[in-house]
file upload.csv (CSV, C-alpha atoms)
chain,number,residue,atom,x,y,z
A,1069,MET,CA,18.7,19.7,-23.2
A,1070,SER,CA,20.1,16.1,-23.7
A,1071,LEU,CA,21.9,15.2,-26.9
A,1072,PRO,CA,19.4,12.6,-28.1
A,1073,LEU,CA,16.5,15.1,-27.7
A,1074,PHE,CA,18.5,17.9,-29.5
A,1075,ILE,CA,19.3,15.7,-32.5
A,1076,ALA,CA,15.8,14.3,-32.6
A,1077,ARG,CA,14.3,17.8,-32.8
A,1078,ARG,CA,16.7,18.8,-35.6
A,1079,ILE,CA,15.8,15.6,-37.5
A,1080,TYR,CA,12.1,16.2,-37.0
A,1081,TYR,CA,12.0,19.8,-38.1
A,1082,ASP,CA,14.4,19.2,-41.0
A,1083,LYS,CA,12.0,16.5,-42.2
A,1084,ALA,CA,9.1,18.8,-42.0
A,1085,LYS,CA,10.8,21.0,-44.6
A,1086,ASP,CA,12.3,18.2,-46.7
A,1087,ARG,CA,9.5,16.3,-48.6
A,1088,LYS,CA,11.8,13.9,-50.3
A,1089,VAL,CA,13.1,12.0,-47.3
A,1090,SER,CA,10.9,10.1,-44.8
A,1091,ARG,CA,7.9,12.3,-45.4
A,1092,PRO,CA,5.5,9.4,-46.3
A,1093,ALA,CA,6.7,7.4,-43.2
A,1094,VAL,CA,6.1,10.4,-40.9
A,1095,GLN,CA,2.7,11.1,-42.4
A,1096,ILE,CA,1.5,7.5,-42.2
A,1097,ALA,CA,2.6,7.2,-38.6
A,1098,THR,CA,1.0,10.5,-37.7
A,1099,ILE,CA,-2.3,9.5,-39.4
A,1100,GLY,CA,-2.2,6.1,-37.7
A,1101,VAL,CA,-1.9,7.6,-34.2
A,1102,ALA,CA,-4.5,10.4,-35.0
A,1103,VAL,CA,-7.1,8.0,-36.3
A,1104,GLY,CA,-6.6,5.5,-33.5
A,1105,LEU,CA,-6.9,8.1,-30.8
A,1106,ALA,CA,-9.9,9.8,-32.4
A,1107,VAL,CA,-11.7,6.5,-32.7
A,1108,MET,CA,-11.0,5.6,-29.1
A,1109,ILE,CA,-12.2,9.0,-27.9
A,1110,VAL,CA,-15.4,8.8,-29.9
A,1111,SER,CA,-16.0,5.2,-28.8
A,1112,VAL,CA,-15.6,5.9,-25.1
A,1113,SER,CA,-17.8,9.0,-25.4
A,1114,VAL,CA,-20.6,7.1,-27.2
A,1115,VAL,CA,-20.5,4.2,-24.8
A,1116,PHE,CA,-20.6,6.4,-21.8
A,1117,GLY,CA,-23.4,8.4,-23.4
A,1118,PHE,CA,-25.4,5.3,-24.1
A,1119,LYS,CA,-24.9,3.8,-20.6
A,1120,HIS,CA,-25.7,6.9,-18.6
A,1121,THR,CA,-28.6,8.1,-20.8
A,1122,ILE,CA,-30.4,4.7,-20.8
A,1123,ARG,CA,-29.6,4.0,-17.2
A,1124,ASP,CA,-31.0,7.4,-16.1
A,1125,LYS,CA,-34.2,6.7,-18.1
A,1126,VAL,CA,-34.7,3.3,-16.4
A,1127,ILE,CA,-33.9,4.9,-13.0
A,1128,GLY,CA,-36.4,7.6,-13.8
A,1129,PHE,CA,-39.2,5.1,-13.9
A,1130,GLY,CA,-38.0,2.8,-11.1
A,1131,SER,CA,-35.3,4.6,-9.0
A,1132,HIS,CA,-32.2,2.8,-7.7
A,1133,ILE,CA,-33.8,0.5,-5.1
A,1134,THR,CA,-37.4,-0.5,-4.6
A,1135,VAL,CA,-38.8,-1.5,-1.3
A,1136,ALA,CA,-42.1,-3.4,-1.6
A,1137,ASN,CA,-44.1,-6.5,-0.6
A,1138,PHE,CA,-42.1,-9.7,-1.1
A,1139,LYS,CA,-45.0,-11.2,-3.1
A,1140,SER,CA,-45.1,-8.2,-5.4
A,1141,LEU,CA,-41.3,-8.2,-6.2
A,1142,HIS,CA,-41.2,-11.9,-6.8
A,1143,GLY,CA,-44.6,-12.4,-8.4
A,1144,SER,CA,-46.9,-10.9,-11.1
A,1145,GLU,CA,-49.6,-9.4,-8.9
A,1146,GLN,CA,-49.6,-6.3,-6.8
A,1147,HIS,CA,-49.8,-6.6,-3.0
A,1148,PRO,CA,-49.7,-3.6,-0.6
A,1149,VAL,CA,-47.4,-2.8,2.2
A,1150,CYS,CA,-47.8,-0.2,4.9
A,1151,ILE,CA,-45.2,2.5,4.7
A,1152,PRO,CA,-46.1,5.4,7.0
A,1153,ASP,CA,-44.2,8.6,7.2
A,1154,SER,CA,-42.1,7.2,10.1
A,1155,MET,CA,-40.8,4.4,8.0
A,1156,ALA,CA,-40.2,6.6,5.0
A,1157,GLY,CA,-38.1,8.8,7.3
A,1158,SER,CA,-36.1,5.8,8.6
A,1159,LEU,CA,-35.4,4.7,4.9
A,1160,VAL,CA,-34.1,8.1,3.9
A,1161,ALA,CA,-31.9,8.1,7.1
A,1162,ILE,CA,-29.9,5.1,5.7
A,1163,ASP,CA,-26.4,6.2,4.8
A,1164,GLY,CA,-26.1,6.7,1.0
A,1165,VAL,CA,-29.9,7.2,0.4
A,1166,LYS,CA,-30.7,10.6,-1.1
A,1167,HIS,CA,-34.5,10.4,-1.5
A,1168,VAL,CA,-37.5,8.2,-0.8
A,1169,GLN,CA,-40.8,8.3,-2.7
A,1170,ARG,CA,-43.9,6.2,-2.3
A,1171,TYR,CA,-46.0,4.9,-5.2
A,1172,ALA,CA,-49.0,2.7,-5.9
A,1173,LEU,CA,-49.8,0.6,-9.0
A,1174,LYS,CA,-53.1,-0.4,-10.4
A,1175,GLN,CA,-53.9,-2.2,-13.6
A,1176,GLY,CA,-56.8,-1.1,-15.8
A,1177,LEU,CA,-58.1,-0.3,-19.2
A,1178,LEU,CA,-58.2,3.0,-21.1
A,1179,LYS,CA,-61.1,3.2,-23.6
A,1180,THR,CA,-62.1,5.6,-26.3
A,1181,GLU,CA,-65.0,5.3,-28.7
A,1182,ARG,CA,-62.8,3.5,-31.2
A,1183,ASP,CA,-60.3,1.5,-29.2
A,1184,PHE,CA,-59.2,0.3,-25.8
A,1185,LEU,CA,-55.8,-0.5,-24.2
A,1186,GLY,CA,-54.6,-2.3,-21.1
A,1187,VAL,CA,-52.2,-0.1,-19.1
A,1188,MET,CA,-50.6,0.2,-15.7
A,1189,PHE,CA,-51.6,3.3,-13.6
A,1190,LYS,CA,-48.8,4.5,-11.4
A,1191,GLY,CA,-50.0,6.7,-8.5
A,1192,ILE,CA,-47.6,9.4,-7.3
A,1193,ALA,CA,-47.7,12.4,-5.1
A,1194,CYS,CA,-45.8,15.5,-6.2
A,1195,SER,CA,-45.2,16.5,-2.6
A,1196,GLU,CA,-42.7,13.6,-2.2
A,1197,TYR,CA,-42.2,12.2,-5.7
A,1198,ASP,CA,-39.3,13.6,-7.8
A,1199,THR,CA,-41.0,14.5,-11.1
A,1200,THR,CA,-37.9,15.9,-12.8
A,1201,PHE,CA,-37.6,12.9,-15.1
A,1202,ILE,CA,-41.2,13.2,-16.2
A,1203,HIS,CA,-40.9,16.9,-16.7
A,1204,ASN,CA,-37.9,16.4,-18.9
A,1205,ASN,CA,-39.8,14.0,-21.1
A,1206,ILE,CA,-43.1,15.8,-21.4
A,1207,ILE,CA,-43.8,16.7,-25.1
A,1208,GLU,CA,-47.4,17.9,-24.7
A,1209,GLY,CA,-49.3,19.5,-21.9
A,1210,SER,CA,-48.0,19.5,-18.3
A,1211,ILE,CA,-47.8,17.5,-15.1
A,1212,PRO,CA,-50.7,18.2,-12.7
A,1213,ASP,CA,-50.2,18.6,-8.9
A,1214,PHE,CA,-50.7,14.9,-8.1
A,1215,SER,CA,-51.7,14.4,-4.4
A,1216,SER,CA,-51.8,11.7,-1.8
A,1217,ARG,CA,-54.8,13.3,0.0
A,1218,LYS,CA,-57.3,13.8,-2.8
A,1219,GLY,CA,-58.0,12.9,-6.4
A,1220,SER,CA,-57.8,15.3,-9.4
A,1221,ASN,CA,-59.0,12.9,-12.1
A,1222,LYS,CA,-56.0,13.9,-14.2
A,1223,ILE,CA,-53.7,11.6,-16.0
A,1224,VAL,CA,-50.3,11.7,-17.8
A,1225,ILE,CA,-49.9,9.1,-20.6
A,1226,SER,CA,-47.2,8.3,-23.0
A,1227,LYS,CA,-47.0,9.2,-26.7
A,1228,ILE,CA,-47.3,5.6,-27.7
A,1229,ILE,CA,-50.6,5.2,-25.8
A,1230,ALA,CA,-51.9,8.6,-27.1
A,1231,ASP,CA,-51.2,7.6,-30.7
A,1232,LYS,CA,-52.8,4.2,-30.3
A,1233,LEU,CA,-55.9,5.7,-28.8
A,1234,GLY,CA,-55.9,8.8,-30.9
A,1235,ILE,CA,-56.0,11.3,-28.1
A,1236,HIS,CA,-54.2,14.5,-27.1
A,1237,ALA,CA,-53.5,16.6,-24.1
A,1238,GLY,CA,-56.8,18.2,-22.9
A,1239,ASP,CA,-58.9,15.3,-24.0
A,1240,LYS,CA,-61.1,13.2,-21.7
A,1241,ILE,CA,-60.8,9.4,-21.5
A,1242,TYR,CA,-62.5,6.7,-19.6
A,1243,ALA,CA,-60.7,4.1,-17.5
A,1244,TYR,CA,-62.1,0.8,-16.3
A,1245,PHE,CA,-60.8,-1.2,-13.3
A,1246,ILE,CA,-61.7,-4.7,-12.2
A,1247,ASN,CA,-61.7,-5.7,-8.5
A,1248,ASP,CA,-62.8,-9.3,-8.1
A,1249,ALA,CA,-66.2,-9.3,-9.7
A,1250,ASP,CA,-66.7,-5.5,-9.5
A,1251,VAL,CA,-65.9,-3.2,-12.5
A,1252,ARG,CA,-65.4,0.4,-11.7
A,1253,ALA,CA,-65.2,3.2,-14.3
A,1254,ARG,CA,-63.6,6.6,-14.0
A,1255,ARG,CA,-63.2,9.5,-16.3
A,1256,PHE,CA,-59.8,11.2,-16.6
A,1257,ASN,CA,-58.6,14.4,-18.2
A,1258,VAL,CA,-55.4,13.9,-20.1
A,1259,SER,CA,-53.1,16.5,-18.6
A,1260,GLY,CA,-49.9,15.7,-20.3
A,1261,ILE,CA,-48.1,13.3,-22.7
A,1262,TYR,CA,-44.6,12.1,-22.2
A,1263,GLU,CA,-42.1,10.2,-24.4
A,1264,THR,CA,-39.0,8.4,-23.2
A,1265,ASN,CA,-38.4,6.0,-26.1
A,1266,LEU,CA,-38.2,3.1,-23.6
A,1267,ALA,CA,-41.0,1.0,-25.1
A,1268,GLN,CA,-41.0,-1.3,-22.1
A,1269,PHE,CA,-42.5,1.6,-20.1
A,1270,ASP,CA,-44.0,3.8,-22.7
A,1271,ASN,CA,-46.3,1.0,-23.9
A,1272,SER,CA,-48.1,0.7,-20.5
A,1273,VAL,CA,-47.3,3.2,-17.8
A,1274,CYS,CA,-49.6,6.2,-17.0
A,1275,PHE,CA,-49.3,8.5,-14.0
A,1276,VAL,CA,-52.2,9.4,-11.7
A,1277,ASP,CA,-52.7,10.7,-8.2
A,1278,LEU,CA,-51.3,8.4,-5.4
A,1279,TYR,CA,-54.7,8.9,-3.6
A,1280,THR,CA,-56.6,7.7,-6.7
A,1281,ALA,CA,-54.4,4.6,-7.2
A,1282,VAL,CA,-54.7,3.6,-3.5
A,1283,LYS,CA,-58.5,4.0,-3.4
A,1284,LEU,CA,-58.9,2.1,-6.7
A,1285,ASN,CA,-57.0,-0.8,-5.1
A,1286,GLY,CA,-59.2,-0.6,-2.0
A,1287,TRP,CA,-56.2,-0.1,0.4
A,1288,ASP,CA,-55.9,1.8,3.6
A,1289,ASN,CA,-54.3,5.3,3.5
A,1290,CYS,CA,-50.9,4.0,4.7
A,1291,GLN,CA,-50.8,1.2,2.2
A,1292,VAL,CA,-48.9,1.6,-1.1
A,1293,SER,CA,-47.3,-0.7,-3.6
A,1294,GLY,CA,-43.8,0.3,-2.4
A,1295,ALA,CA,-41.2,3.0,-1.9
A,1296,GLU,CA,-38.5,3.9,-4.4
A,1297,LEU,CA,-35.1,4.9,-3.0
A,1298,THR,CA,-32.6,7.1,-4.9
A,1299,VAL,CA,-29.0,6.8,-3.8
A,1300,LYS,CA,-26.4,9.6,-3.8
A,1301,ASP,CA,-23.8,7.7,-5.8
A,1302,PHE,CA,-24.7,5.0,-8.3
A,1303,ASP,CA,-21.3,3.4,-7.9
A,1304,ASN,CA,-22.1,2.9,-4.2
A,1305,LEU,CA,-25.4,1.1,-4.9
A,1306,PRO,CA,-24.2,-2.4,-3.7
A,1307,ALA,CA,-23.3,-1.0,-0.3
A,1308,VAL,CA,-26.6,0.9,0.1
A,1309,GLU,CA,-28.5,-2.1,-1.0
A,1310,ASN,CA,-26.9,-4.2,1.8
A,1311,ALA,CA,-27.8,-1.5,4.3
A,1312,VAL,CA,-31.4,-1.6,3.1
A,1313,ILE,CA,-31.5,-5.4,3.2
A,1314,ASP,CA,-30.3,-5.3,6.8
A,1315,LYS,CA,-32.8,-2.7,7.8
A,1316,VAL,CA,-36.1,-3.8,6.1
A,1317,ASN,CA,-35.9,-7.2,4.4
A,1318,ARG,CA,-37.9,-9.9,6.0
A,1319,THR,CA,-39.5,-7.5,8.5
A,1320,GLU,CA,-43.3,-7.2,8.7
A,1321,ASP,CA,-45.7,-4.2,8.5
A,1322,ARG,CA,-48.7,-3.8,10.8
A,1323,TYR,CA,-50.8,-6.1,8.5
A,1324,GLY,CA,-48.2,-8.9,8.5
A,1325,GLU,CA,-46.9,-8.3,5.0
A,1326,ILE,CA,-43.2,-9.0,4.5
A,1327,PHE,CA,-40.9,-6.3,3.2
A,1328,SER,CA,-38.3,-7.0,0.5
A,1329,SER,CA,-36.0,-4.9,-1.7
A,1330,MET,CA,-34.6,-5.1,-5.2
A,1331,THR,CA,-32.2,-2.9,-7.2
A,1332,VAL,CA,-33.0,-1.5,-10.6
A,1333,GLN,CA,-30.3,-3.8,-12.1
A,1334,ASP,CA,-32.1,-6.9,-10.7
A,1335,MET,CA,-35.5,-5.6,-11.9
A,1336,TYR,CA,-34.4,-4.9,-15.5
A,1337,PRO,CA,-31.5,-7.3,-16.0
A,1338,GLN,CA,-31.9,-7.4,-19.8
A,1339,ILE,CA,-31.2,-3.7,-20.2
A,1340,PHE,CA,-28.2,-3.7,-17.9
A,1341,SER,CA,-26.8,-6.8,-19.5
A,1342,TRP,CA,-27.0,-5.1,-22.9
A,1343,LEU,CA,-25.2,-2.0,-21.4
A,1344,ASP,CA,-22.5,-4.3,-19.9
A,1345,LEU,CA,-22.0,-5.8,-23.4
A,1346,LEU,CA,-21.1,-2.4,-24.7
A,1347,ASP,CA,-18.2,-2.3,-22.3
A,1348,LEU,CA,-16.8,-5.4,-24.0
A,1349,ASN,CA,-17.2,-3.9,-27.4
A,1350,VAL,CA,-15.4,-0.7,-26.5
A,1351,TRP,CA,-12.5,-2.7,-25.0
A,1352,ILE,CA,-12.1,-4.5,-28.3
A,1353,ILE,CA,-12.1,-1.2,-30.2
A,1354,LEU,CA,-9.5,0.3,-27.8
A,1355,VAL,CA,-7.2,-2.7,-28.3
A,1356,LEU,CA,-7.6,-2.7,-32.1
A,1357,MET,CA,-6.9,1.0,-32.3
A,1358,LEU,CA,-3.8,0.7,-30.1
A,1359,CYS,CA,-2.6,-2.0,-32.3
A,1360,VAL,CA,-3.2,0.2,-35.4
A,1361,ALA,CA,-1.3,3.1,-33.8
A,1362,GLY,CA,1.6,0.8,-32.7
A,1363,PHE,CA,1.9,-0.9,-36.0
A,1364,THR,CA,2.1,2.3,-38.0
A,1365,MET,CA,4.6,3.7,-35.6
A,1366,VAL,CA,6.8,0.6,-35.8
A,1367,SER,CA,6.7,0.7,-39.6
A,1368,GLY,CA,7.5,4.4,-39.7
A,1369,LEU,CA,10.4,4.0,-37.3
A,1370,LEU,CA,12.0,1.1,-39.3
A,1371,ILE,CA,11.7,3.1,-42.5
A,1372,ILE,CA,13.3,6.2,-40.9
A,1373,ILE,CA,16.1,4.2,-39.4
A,1374,LEU,CA,16.9,2.6,-42.7
A,1375,GLU,CA,16.9,6.0,-44.4
A,1376,ARG,CA,19.2,7.4,-41.7
A,1377,THR,CA,21.7,4.6,-42.0
A,1378,ASN,CA,24.5,7.0,-43.0
A,1379,MET,CA,23.7,9.3,-40.1
A,1380,ILE,CA,23.8,6.3,-37.7
A,1381,GLY,CA,27.2,5.3,-39.1
A,1382,THR,CA,28.5,8.8,-38.7
A,1383,LEU,CA,27.3,9.1,-35.1
A,1384,LYS,CA,28.9,5.7,-34.2
A,1385,SER,CA,32.2,6.7,-35.8
A,1386,LEU,CA,32.1,9.8,-33.6
A,1387,GLY,CA,31.8,7.7,-30.5
A,1388,CYS,CA,28.0,7.6,-29.9
A,1389,ARG,CA,26.8,4.5,-28.2
A,1390,ASN,CA,23.9,2.4,-29.4
A,1391,LYS,CA,21.8,3.5,-26.4
A,1392,THR,CA,22.2,7.1,-27.3
A,1393,ILE,CA,21.3,6.5,-31.0
A,1394,ARG,CA,18.2,4.5,-29.9
A,1395,HIS,CA,17.1,7.4,-27.7
A,1396,ILE,CA,17.5,9.8,-30.7
A,1397,PHE,CA,15.0,7.8,-32.7
A,1398,ILE,CA,12.6,7.2,-29.8
A,1399,TRP,CA,12.5,10.9,-29.1
A,1400,PHE,CA,11.9,11.5,-32.8
A,1401,SER,CA,9.0,9.0,-32.6
A,1402,VAL,CA,7.6,10.9,-29.6
A,1403,PHE,CA,7.4,14.1,-31.7
A,1404,ILE,CA,5.5,12.1,-34.4
A,1405,ILE,CA,3.2,10.5,-31.7
A,1406,GLY,CA,2.6,14.0,-30.1
A,1407,ARG,CA,1.6,15.5,-33.4
A,1408,GLY,CA,-0.7,12.6,-34.2
A,1409,MET,CA,-2.3,12.9,-30.7
A,1410,LEU,CA,-3.0,16.6,-31.1
A,1411,ILE,CA,-4.7,15.9,-34.4
A,1412,GLY,CA,-6.6,12.9,-33.0
A,1413,ASN,CA,-7.8,14.9,-30.0
A,1414,ALA,CA,-9.0,17.7,-32.3
A,1415,ILE,CA,-10.9,15.2,-34.5
A,1416,GLY,CA,-12.3,13.2,-31.6
A,1417,VAL,CA,-13.5,16.1,-29.5
A,1418,GLY,CA,-14.7,17.9,-32.6
A,1419,LEU,CA,-16.9,14.9,-33.6
A,1420,ILE,CA,-18.3,14.7,-30.0
A,1421,ALA,CA,-19.1,18.4,-30.0
A,1422,LEU,CA,-20.8,18.1,-33.4
A,1423,GLN,CA,-23.0,15.2,-32.4
A,1424,HIS,CA,-23.8,16.8,-29.0
A,1425,PHE,CA,-24.9,20.2,-30.4
A,1426,THR,CA,-26.5,19.0,-33.7
A,1427,GLY,CA,-27.6,15.4,-33.1
A,1428,LEU,CA,-26.4,14.7,-36.6
A,1429,ILE,CA,-26.5,10.9,-36.3
A,1430,LYS,CA,-30.0,9.5,-35.7
A,1431,LEU,CA,-31.0,6.1,-34.3
A,1432,ASP,CA,-34.2,4.0,-34.2
A,1433,PRO,CA,-35.6,4.6,-30.7
A,1434,SER,CA,-37.5,1.3,-30.8
A,1435,THR,CA,-34.2,-0.6,-30.9
A,1436,TYR,CA,-31.7,1.7,-29.1
A,1437,TYR,CA,-34.1,3.5,-26.7
A,1438,VAL,CA,-32.7,6.9,-27.9
A,1439,SER,CA,-33.5,8.9,-31.1
A,1440,VAL,CA,-30.0,10.3,-31.5
A,1441,VAL,CA,-26.5,8.9,-30.6
A,1442,PRO,CA,-25.8,10.2,-27.1
A,1443,VAL,CA,-22.3,11.4,-26.3
A,1444,GLU,CA,-20.6,12.3,-23.1
A,1445,PHE,CA,-17.5,14.4,-22.8
A,1446,ASN,CA,-15.4,12.8,-20.0
A,1447,VAL,CA,-12.2,14.8,-19.5
A,1448,MET,CA,-10.6,12.2,-17.2
A,1449,PHE,CA,-11.0,9.3,-19.6
A,1450,ILE,CA,-9.7,11.4,-22.5
A,1451,ILE,CA,-6.6,12.2,-20.5
A,1452,ILE,CA,-6.2,8.5,-19.6
A,1453,LEU,CA,-6.6,7.5,-23.3
A,1454,ASN,CA,-3.9,10.0,-24.3
A,1455,VAL,CA,-1.5,8.8,-21.6
A,1456,VAL,CA,-2.1,5.1,-22.5
A,1457,THR,CA,-1.7,5.8,-26.2
A,1458,LEU,CA,1.6,7.6,-25.6
A,1459,LEU,CA,3.0,5.0,-23.3
A,1460,ALA,CA,1.9,2.1,-25.5
A,1461,SER,CA,3.2,3.6,-28.7
A,1462,ILE,CA,6.6,4.3,-27.1
A,1463,PHE,CA,6.7,0.8,-25.5
A,1464,VAL,CA,6.3,-1.0,-28.9
A,1465,LEU,CA,9.1,1.1,-30.3
A,1466,ILE,CA,11.7,-0.1,-27.9
A,1467,ALA,CA,12.3,-3.5,-29.6
A,1468,PRO,CA,12.5,-2.1,-33.2
A,1469,SER,CA,14.9,0.6,-32.0
A,1470,TYR,CA,17.5,-2.1,-31.3
A,1471,ILE,CA,18.1,-2.5,-35.1
A,1472,VAL,CA,20.6,0.4,-34.8
A,1473,SER,CA,22.9,-2.0,-32.9
A,1474,HIS,CA,23.3,-4.1,-36.1
A,1475,ILE,CA,24.4,-1.1,-38.2
A,1476,HIS,CA,28.2,-1.1,-38.6
A,1477,PRO,CA,29.9,2.3,-39.3
A,1478,ALA,CA,32.2,0.9,-42.0
A,1479,LYS,CA,29.4,-0.5,-44.0
A,1480,SER,CA,26.9,2.2,-43.4
A,1481,MET,CA,29.2,4.9,-44.7
A,1482,LYS,CA,28.9,3.3,-48.1
A,1483,TYR,CA,25.2,2.9,-47.9
A,1484,GLU,CA,23.1,5.1,-50.1
call {"tool": "encode", "arguments": {"input": "upload.csv", "output": "structure tokens"}}
result
Amino acid sequence: MSLPLFIARRIYYDKAKDRKVSRPAVQIATIGVAVGLAVMIVSVSVVFGFKHTIRDKVIGFGSHITVANFKSLHGSEQHPVCIPDSMAGSLVAIDGVKHVQRYALKQGLLKTERDFLGVMFKGIACSEYDTTFIHNNIIEGSIPDFSSRKGSNKIVISKIIADKLGIHAGDKIYAYFINDADVRARRFNVSGIYETNLAQFDNSVCFVDLYTAVKLNGWDNCQVSGAELTVKDFDNLPAVENAVIDKVNRTEDRYGEIFSSMTVQDMYPQIFSWLDLLDLNVWIILVLMLCVAGFTMVSGLLIIILERTNMIGTLKSLGCRNKTIRHIFIWFSVFIIGRGMLIGNAIGVGLIALQHFTGLIKLDPSTYYVSVVPVEFNVMFIIILNVVTLLASIFVLIAPSYIVSHIHPAKSMKYE
């Protein structure tokens, strides 16, 4: 064990027993580091929780990449494209693509005896459509076995729509569709009710059979609104998007319709811009908390050095160099930082666990898209925060430690 480390340990443990000397400085520095690290851990956890929870909800409705008619993606009306099984197979064969699912959209009206509401019917087939997201958000009833070969006259609606129309799972409801001058009516059985708290989707999206949506549009069997592609790694989305663009964009189907593609970030830029803004907020919090931890450590170190002036003079009179004495106080500060980090980790992780298991802090879902504050425990980022906090705290102590060079043995021996 080196001499500076040995002396620093003796000073630290002596101070733990002696409440009259340096105790307030040690406590303030410890609290500063603990609070700063705890706030950083909670901030990163909440931001990651928000970003991933909301991102997964948006992707649950629209997947990562949508391949559809150029006129549909860049206009307000639905136009079909022909996506046979062979093309679906070629899309899933693209490197980085995990899953491909076709869908069809049809606008219409839901009507009860008391009210009516304009909605978007999304036709899906359970044989190829990943319904995990819908299953996870079903609050009443269940998801029927939607098919691409026959209609079941069953529908899944959102809680917002159900509340507006005053219906429940198991009820029957009429839907009206307008094609040119023709109005068609169809009766559906409400099989299930979902709730995602994403008002942009919950206000208008209902799920029906893919077969039903295609027939209501008057399309051929191979024609759909588009195909949704799920990628294996979200971070690799730009590379997969480029591969999809090279393969399908500007190509034509058998009816002469032009294919185009768009990522979920391009389709819902407002939501992802808001999520990106959270990154800026968390960086500001991290910098502020590092400043708080550094300031309290510098203040504590200066107080401790002044209180230990006699000891510094004695060590210098015994032949210790300034460098050795600086290392003693830096090692002493490392013990304080380490203790504060242990407390900060305990507080931060404890608050994350409390929120995760109890959902103690609630939010307005109409504003934040979630009903409780989401948290995500990321071990790697917690380790990085600990390392950065330790290194930053030590770094800011280097300059203040040079004050020992200005303490002269002859004068310090008389200092009380």
call {"tool": "closest_residue", "arguments": {"input": "upload.csv", "among": "A:Gln1146, A:Thr1098, A:Asn1221, A:Thr1280", "to": "Ser1461 of chain A", "atoms": "only C-alpha atoms"}}
result
A:Thr1098
call {"tool": "closest_residue", "arguments": {"input": "upload.csv", "among": "A:Ile1225, A:Ser1144, A:Tyr1470, A:Gly1368", "to": "Asn1390 of chain A", "atoms": "all atoms listed in the file"}}
result
A:Tyr1470
call {"tool": "residues_around", "arguments": {"input": "upload.csv", "residues": "Met1357 of chain A", "least_positions_apart": "4", "cutoff": "9 Å", "atoms": "only C-alpha atoms", "output": "ChimeraX atom specification"}}
result
/A:1100-1101,1103-1105,1107-1108,1352-1353,1361-1362
call {"tool": "closest_residue", "arguments": {"input": "upload.csv", "among": "A:Leu1177, A:Ile1411, A:Ala1156, A:Leu1278", "to": "Ser1215 of chain A", "atoms": "all atoms listed in the file"}}
result
A:Leu1278
call {"tool": "atom_distance", "arguments": {"input": "upload.csv", "atom1": "atom CA of Pro1433 of chain A", "atom2": "atom CA of Ser1113 of chain A"}}
result
19.1 Å
call {"tool": "atom_distance", "arguments": {"input": "upload.csv", "atom1": "atom CA of Val1114 of chain A", "atom2": "atom CA of Leu1410 of chain A"}}
result
20.4 Å
call {"tool": "closest_residue", "arguments": {"input": "upload.csv", "among": "A:Ile1211, A:Val1417, A:Ala1243, A:Cys1274", "to": "Val1447 of chain A", "atoms": "only C-alpha atoms"}}
result
A:Val1417
call {"tool": "closest_residue", "arguments": {"input": "upload.csv", "among": "A:Gly1191, A:Ala1267, A:Ala1093, A:Ser1328", "to": "Val1366 of chain A", "atoms": "all atoms listed in the file"}}
result
A:Ala1093
call {"tool": "residues_near_point", "arguments": {"input": "upload.csv", "point": "(-35.2, 6.9, -15.9)", "cutoff": "10 Å", "atoms": "only C-alpha atoms", "output": "number ranges by chain"}}
result
A: 1120-1132, 1200-1202, 1205, 1264, 1266, 1269
call {"tool": "residues_around", "arguments": {"input": "upload.csv", "residues": "segment 1419-1432 of chain A", "least_positions_apart": "4", "cutoff": "9 Å", "atoms": "all atoms listed in the file", "output": "PyMOL selection string"}}
result
chain A and resi 1106+1109-1110+1113-1114+1414-1415+1436-1445
call {"tool": "write_last_selection", "arguments": {"input": "upload.csv", "atoms": "C-alpha atoms", "output": "short mmCIF file (atom, residue, chain, number, x, y, z; two decimals), keeping the file's coordinate frame"}}
result
data_model
loop_
_atom_site.label_atom_id
_atom_site.label_comp_id
_atom_site.auth_asym_id
_atom_site.auth_seq_id
_atom_site.Cartn_x
_atom_site.Cartn_y
_atom_site.Cartn_z
CA ALA A 1106 -9.90 9.80 -32.40
CA ILE A 1109 -12.20 9.00 -27.90
CA VAL A 1110 -15.40 8.80 -29.90
CA SER A 1113 -17.80 9.00 -25.40
CA VAL A 1114 -20.60 7.10 -27.20
CA ALA A 1414 -9.00 17.70 -32.30
CA ILE A 1415 -10.90 15.20 -34.50
CA TYR A 1436 -31.70 1.70 -29.10
CA TYR A 1437 -34.10 3.50 -26.70
CA VAL A 1438 -32.70 6.90 -27.90
CA SER A 1439 -33.50 8.90 -31.10
CA VAL A 1440 -30.00 10.30 -31.50
CA VAL A 1441 -26.50 8.90 -30.60
CA PRO A 1442 -25.80 10.20 -27.10
CA VAL A 1443 -22.30 11.40 -26.30
CA GLU A 1444 -20.60 12.30 -23.10
CA PHE A 1445 -17.50 14.40 -22.80
#
call {"tool": "atom_distance", "arguments": {"input": "upload.csv", "atom1": "atom CA of Asn1137 of chain A", "atom2": "atom CA of Ser1329 of chain A"}}
result
8.3 Å
call {"tool": "closest_residue", "arguments": {"input": "upload.csv", "among": "A:Leu1369, A:Ile1246, A:Val1149, A:Val1360", "to": "Gly1324 of chain A", "atoms": "all atoms listed in the file"}}
result
A:Val1149
call {"tool": "residues_around", "arguments": {"input": "upload.csv", "residues": "Phe1327 of chain A", "least_positions_apart": "4", "cutoff": "8 Å", "atoms": "all atoms listed in the file", "output": "list of chain:residue names"}}
result
A:Val1135, A:Ala1136, A:Asn1137, A:Phe1138, A:Val1149, A:Val1316, A:Asn1317, A:Arg1318, A:Thr1319, A:Glu1320, A:Asp1321
call {"tool": "residues_around", "arguments": {"input": "upload.csv", "residues": "Ser1226 of chain A", "least_positions_apart": "2", "cutoff": "8 Å", "atoms": "all atoms listed in the file", "output": "VMD selection string"}}
result
chain A and resid 1224 1228 to 1230 1261 to 1263 1270 to 1271 1273 to 1274
